[in-house]
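I have placed the structure first, in the form of structure tokens, so that the comments after it can refer back to it.
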Amino acid sequence: MIDLVGGVPLYVLEFGDELVYFTPYTITLFLLALTFTILVLISRPEKQVDIAFGGDAYRTKEISVSEMRFRRFMAIACGLATMGAMVTGDIFNFTLFTAMVGITNVGIVAAVKSPHVQDAAYQYGLVSLSATIPLFGGAAVYAATTGSLSMIELMKGTVPAVPLIAKGMLMLGVIGEGMAPFYAAKAEMFRAPGAPYVIMCSLSSLLIFLRVVEIVMLG
Amino acid sequence: MIRKISHILCNYENIVPLFAGACALLFLVGILMLPLSYEQNQLYPKTIDRNSSLDPYDRGGPPFTMVAIHSQYPENSPSAGLVTSYLTPLSLYLSQTTMHLGTTIVAHPGGIIDEILYNTRGLDTVVEPTILLIAFAIASYLYRKVE
Amino acid sequence: MWDQYNLGLLCVLVAGVIGFVALARETDDLHRLLLLDLVEITALGVIALLGTDLAEALVLPGLTVGIAELLALSQIYITKEGLKERPVRGLNIEVIQKADAPAIISGFLVVYGLVLSGFTGGGVAGLGLVFWFMSRGYREDLNMLEMASGISWAIWIFAFFVFMFFPQYWFIALMGAAVGIVLKVTVKMSLVGTMWGEQHD
């Protein structure tokens, strides 16, 4: 119990077999996700300005209200999923939250009308769908080799050691779900108005990376 | 060299083959690492009684009598084990006349599955329809967006 | 050491490698989606190899997530390719379009589904509505259906939290969940049924 990355759980919330627990590490990540979700909730979207090079002409890009509302909904859902992934104490539940982060990220990008962005969103969608395979597979190998899905049990060290391949699958799955935003931001920055919703993409993938590192070091 | 790699990574057309290749590689490593030790002490072990008409989902006894199930934290779900099965009138009739009712899980979810899904592992079930809702929101938004 | 679990795992992993290699070599977007749907089965295979009741309970979310993402991705594909001609226009059979039989059958299915309630009931009632929409061609307002879907989802989740935090009010929660899920599944299925139809404007 001493050499835990995340520290000793301070508070455990019980949902049947799935415990939600807070360590100093996960509390920090949770608060970060919460702050950004609130920021998305209250902030007003930016408007992009196109400036014609070598002249005085410029124009703001028109964004429809429905598109902004849809992307805000997706960003908030993404924030909630990230918060869930930060505090959940169950391997399979974590993979589900991660899959939800992936699909909301795709949604944030896919709402933009530009065909180029749509094309990019489709490719990220394919990656995030294929990432669910190692994710769920990894969780299932966790369950088969340790006989438990609870992170608290893994922490106690009462169950057999987790094989490396399960950890690798979990890691690769999170990489797949979290890879999209980096490219998405790139596709978006130049062709579509993004902030603050694209920030949510990047932040959520950063946070799930940080969390999976803690999980992999548990068993 | 690095510029070449980063150039390939830059193009989003390449990320699906790249990720699929990584997955294939990891699965190959998995094959090499094979035999894994299967833990015998599993949660919710499955018992099969071939003589029951509810076969794979038979949990013994009428509803509302406590059946022991091996959950992770039994103290958190004191009422787990009460629902042994529930049948619509039609499926009750079928269960009394044929031996193969349990083969149609879609129409007649067994008691144990529902107890895991809705009682002991309820949070999974909250997340799962939420993902469905998100996917549906994306699909219907795009569907209506096309002029 | 080579027990049933490991033999099964070997088969599934080999299948996964084959599927992923195929996916890596494929360049057509639509075929990538189809192949991905195929590879998704291996994930379900790994879960199913657990061989416990838990495995079955984990397969259901896994399957749902796959289907959900597939739904979203195929709609993105349609939008990105700009496919507007969708010639599926319900069942063009004169008997079905003119006669009373579809109304009676779908009416029966809906009523029976409402009696059953819950997930099964939602499926049955939704099937009735899908059949109705398919046989008549739809002229319904999607907004209403979507709103009903959202509200029923909220009812369901609310009932869920009542179960978790106030178990003594389980009966209200049970009724809420049953009503919520019957609406939810019905609406989802009928929406899927109508989305087959021609362009709505």
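Starting from 1 in every chain, residues are counted up; chains themselves are A, B, ... following the order of the structure tokens, and ligands are numbered from 1 as listed.
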
Considering only C-alpha atoms, return as a PyMOL selection string whatever protein or nucleic-acid residues lie within 8 Å of Asp17 (chain A), sequence-local ones (same chain, fewer than 5 positions apart) excluded.
-> (chain A and resi 150) or (chain B and resi 71-74+76-77+120-121)

For chain B against chain A, which residues fall within 9 Å using only C-alpha atoms, given as a PyMOL selection string?
-> chain B and resi 10-16+19-20+22-23+26-27+29-30+33+36-43+71-77+116+119-124+127-128+130-131+134-135+137-138+141-142+145

Do a neighbour search on Thr64 (chain C) at 9 Å with only C-alpha atoms, toss out local chain neighbours closer than 2 positions, and write the hits as a PyMOL selection string.
-> (chain B and resi 128-129+131-132) or (chain C and resi 59-62+66-69)

Any idea which chain C residues end up within 8 Å of chain A if we count only C-alpha atoms, as a list in words please?
-> Arg32, Leu33, Leu36, Val39, Glu40, Thr42, Ala43, Leu44, Val46, Ile47, Leu50, Gly62, Val65, Gly66, Glu69, Leu70, Leu73, Ile76, Tyr77, Thr79, Lys80 and Met164 of chain C

As a VMD selection string, which residues of region 6-218 of chain A does DSSP assign to helix (DSSP H, G or I)?
-> chain A and resid 24 to 42 65 to 87 91 to 110 115 to 146 151 to 156 164 to 191 197 to 216

Using only C-alpha atoms, determine which residues of chain C fall within 8 Å of chain B; present them as JSON, numbers by chain.
-> {"C": [1, 2, 5, 6, 10, 13, 14, 16, 17, 18, 20, 21, 23, 24, 25, 26, 51, 52, 53, 54, 56, 57, 61, 64, 65, 68, 69, 71, 72, 73, 75, 76, 79, 116, 120, 157, 160, 200, 201]}

Writer output for current selection, C-alpha atoms, as a PDB file, in the first residue's frame:
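Saved to selection-v9.pdb:
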```
ATOM      1  CA  MET C   1      -0.906 -24.853 -18.793  1.00  0.00           C
ATOM      2  CA  TRP C   2      -2.518 -25.156 -22.225  1.00  0.00           C
ATOM      3  CA  TYR C   5      -8.835 -20.765 -21.945  1.00  0.00           C
ATOM      4  CA  ASN C   6      -5.414 -20.518 -23.560  1.00  0.00           C
ATOM      5  CA  LEU C  10      -4.799 -18.427 -29.174  1.00  0.00           C
ATOM      6  CA  LEU C  13      -5.630 -13.624 -31.084  1.00  0.00           C
ATOM      7  CA  VAL C  14      -4.754 -15.266 -34.408  1.00  0.00           C
ATOM      8  CA  GLY C  16      -7.374 -10.630 -34.417  1.00  0.00           C
ATOM      9  CA  VAL C  17      -3.971 -10.513 -36.104  1.00  0.00           C
ATOM     10  CA  ILE C  18      -5.516 -11.557 -39.428  1.00  0.00           C
ATOM     11  CA  PHE C  20      -5.886  -6.141 -38.146  1.00  0.00           C
ATOM     12  CA  VAL C  21      -3.457  -6.951 -40.947  1.00  0.00           C
ATOM     13  CA  LEU C  23      -7.432  -3.511 -41.899  1.00  0.00           C
ATOM     14  CA  ALA C  24      -3.921  -2.103 -42.212  1.00  0.00           C
ATOM     15  CA  ARG C  25      -3.736  -3.053 -45.899  1.00  0.00           C
ATOM     16  CA  GLU C  26      -7.213  -1.838 -46.866  1.00  0.00           C
ATOM     17  CA  GLY C  51     -16.690 -18.216 -19.309  1.00  0.00           C
ATOM     18  CA  THR C  52     -18.572 -16.823 -16.330  1.00  0.00           C
ATOM     19  CA  ASP C  53     -21.847 -15.002 -15.954  1.00  0.00           C
ATOM     20  CA  LEU C  54     -19.762 -11.858 -15.640  1.00  0.00           C
ATOM     21  CA  GLU C  56     -22.000 -12.350 -20.495  1.00  0.00           C
ATOM     22  CA  ALA C  57     -22.715  -9.147 -18.624  1.00  0.00           C
ATOM     23  CA  PRO C  61     -21.850  -3.199 -23.101  1.00  0.00           C
ATOM     24  CA  THR C  64     -23.481  -1.868 -27.620  1.00  0.00           C
ATOM     25  CA  VAL C  65     -20.455   0.390 -27.790  1.00  0.00           C
ATOM     26  CA  ALA C  68     -23.177   2.762 -31.370  1.00  0.00           C
ATOM     27  CA  GLU C  69     -19.881   3.834 -32.874  1.00  0.00           C
ATOM     28  CA  LEU C  71     -23.976   3.951 -36.307  1.00  0.00           C
ATOM     29  CA  ALA C  72     -22.224   7.287 -35.840  1.00  0.00           C
ATOM     30  CA  LEU C  73     -19.413   6.411 -38.229  1.00  0.00           C
ATOM     31  CA  GLN C  75     -23.626   8.533 -40.762  1.00  0.00           C
ATOM     32  CA  ILE C  76     -20.346  10.460 -40.913  1.00  0.00           C
ATOM     33  CA  THR C  79     -22.219  12.943 -44.945  1.00  0.00           C
ATOM     34  CA  LEU C 116     -44.553  -6.499 -21.169  1.00  0.00           C
ATOM     35  CA  THR C 120     -38.295  -6.850 -24.038  1.00  0.00           C
ATOM     36  CA  ILE C 157     -30.999   7.121 -15.347  1.00  0.00           C
ATOM     37  CA  PHE C 160     -31.131   4.076 -11.542  1.00  0.00           C
ATOM     38  CA  HIS C 200     -36.701  14.613 -44.485  1.00  0.00           C
ATOM     39  CA  ASP C 201     -37.097  18.352 -44.863  1.00  0.00           C
TER      40      ASP C 201
END
```

Enumerate the residues of region 6-163 of chain A with a DSSP assignment of strand (DSSP E), computed from the backbone, and present them as a PyMOL selection string.
-> chain A and resi 11-15+18-22+49-51+58-60

d(CA of Met68 (chain A), CA of Cys201 (chain A)) in Å |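 Pair CA of Met68 (chain A) / CA of Cys201 (chain A) returns 15.2 Å.
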
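Distance-wise, CA of Val185 (chain C) and CA of Ala173 (chain C) end up 17.7 Å apart.
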
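Excluding Ala125 (chain C) itself and any same-chain residue fewer than 5 positions from it, the protein and nucleic acid residues within 9 Å of it, counting only C-alpha atoms, are C:Ser106, C:Gly107, C:Phe108, C:Leu109, C:Val110, C:Val111, C:Tyr112, C:Gly113, C:Leu114, C:Thr120, C:Val130, C:Val182, C:Leu183, C:Val185, C:Thr186, C:Met189.
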
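Among A:Met200, A:Val212, A:Val87, A:Met155, the residue with the shortest atom-to-atom distance to Lys167 (chain A), counting only C-alpha atoms, is A:Val212.
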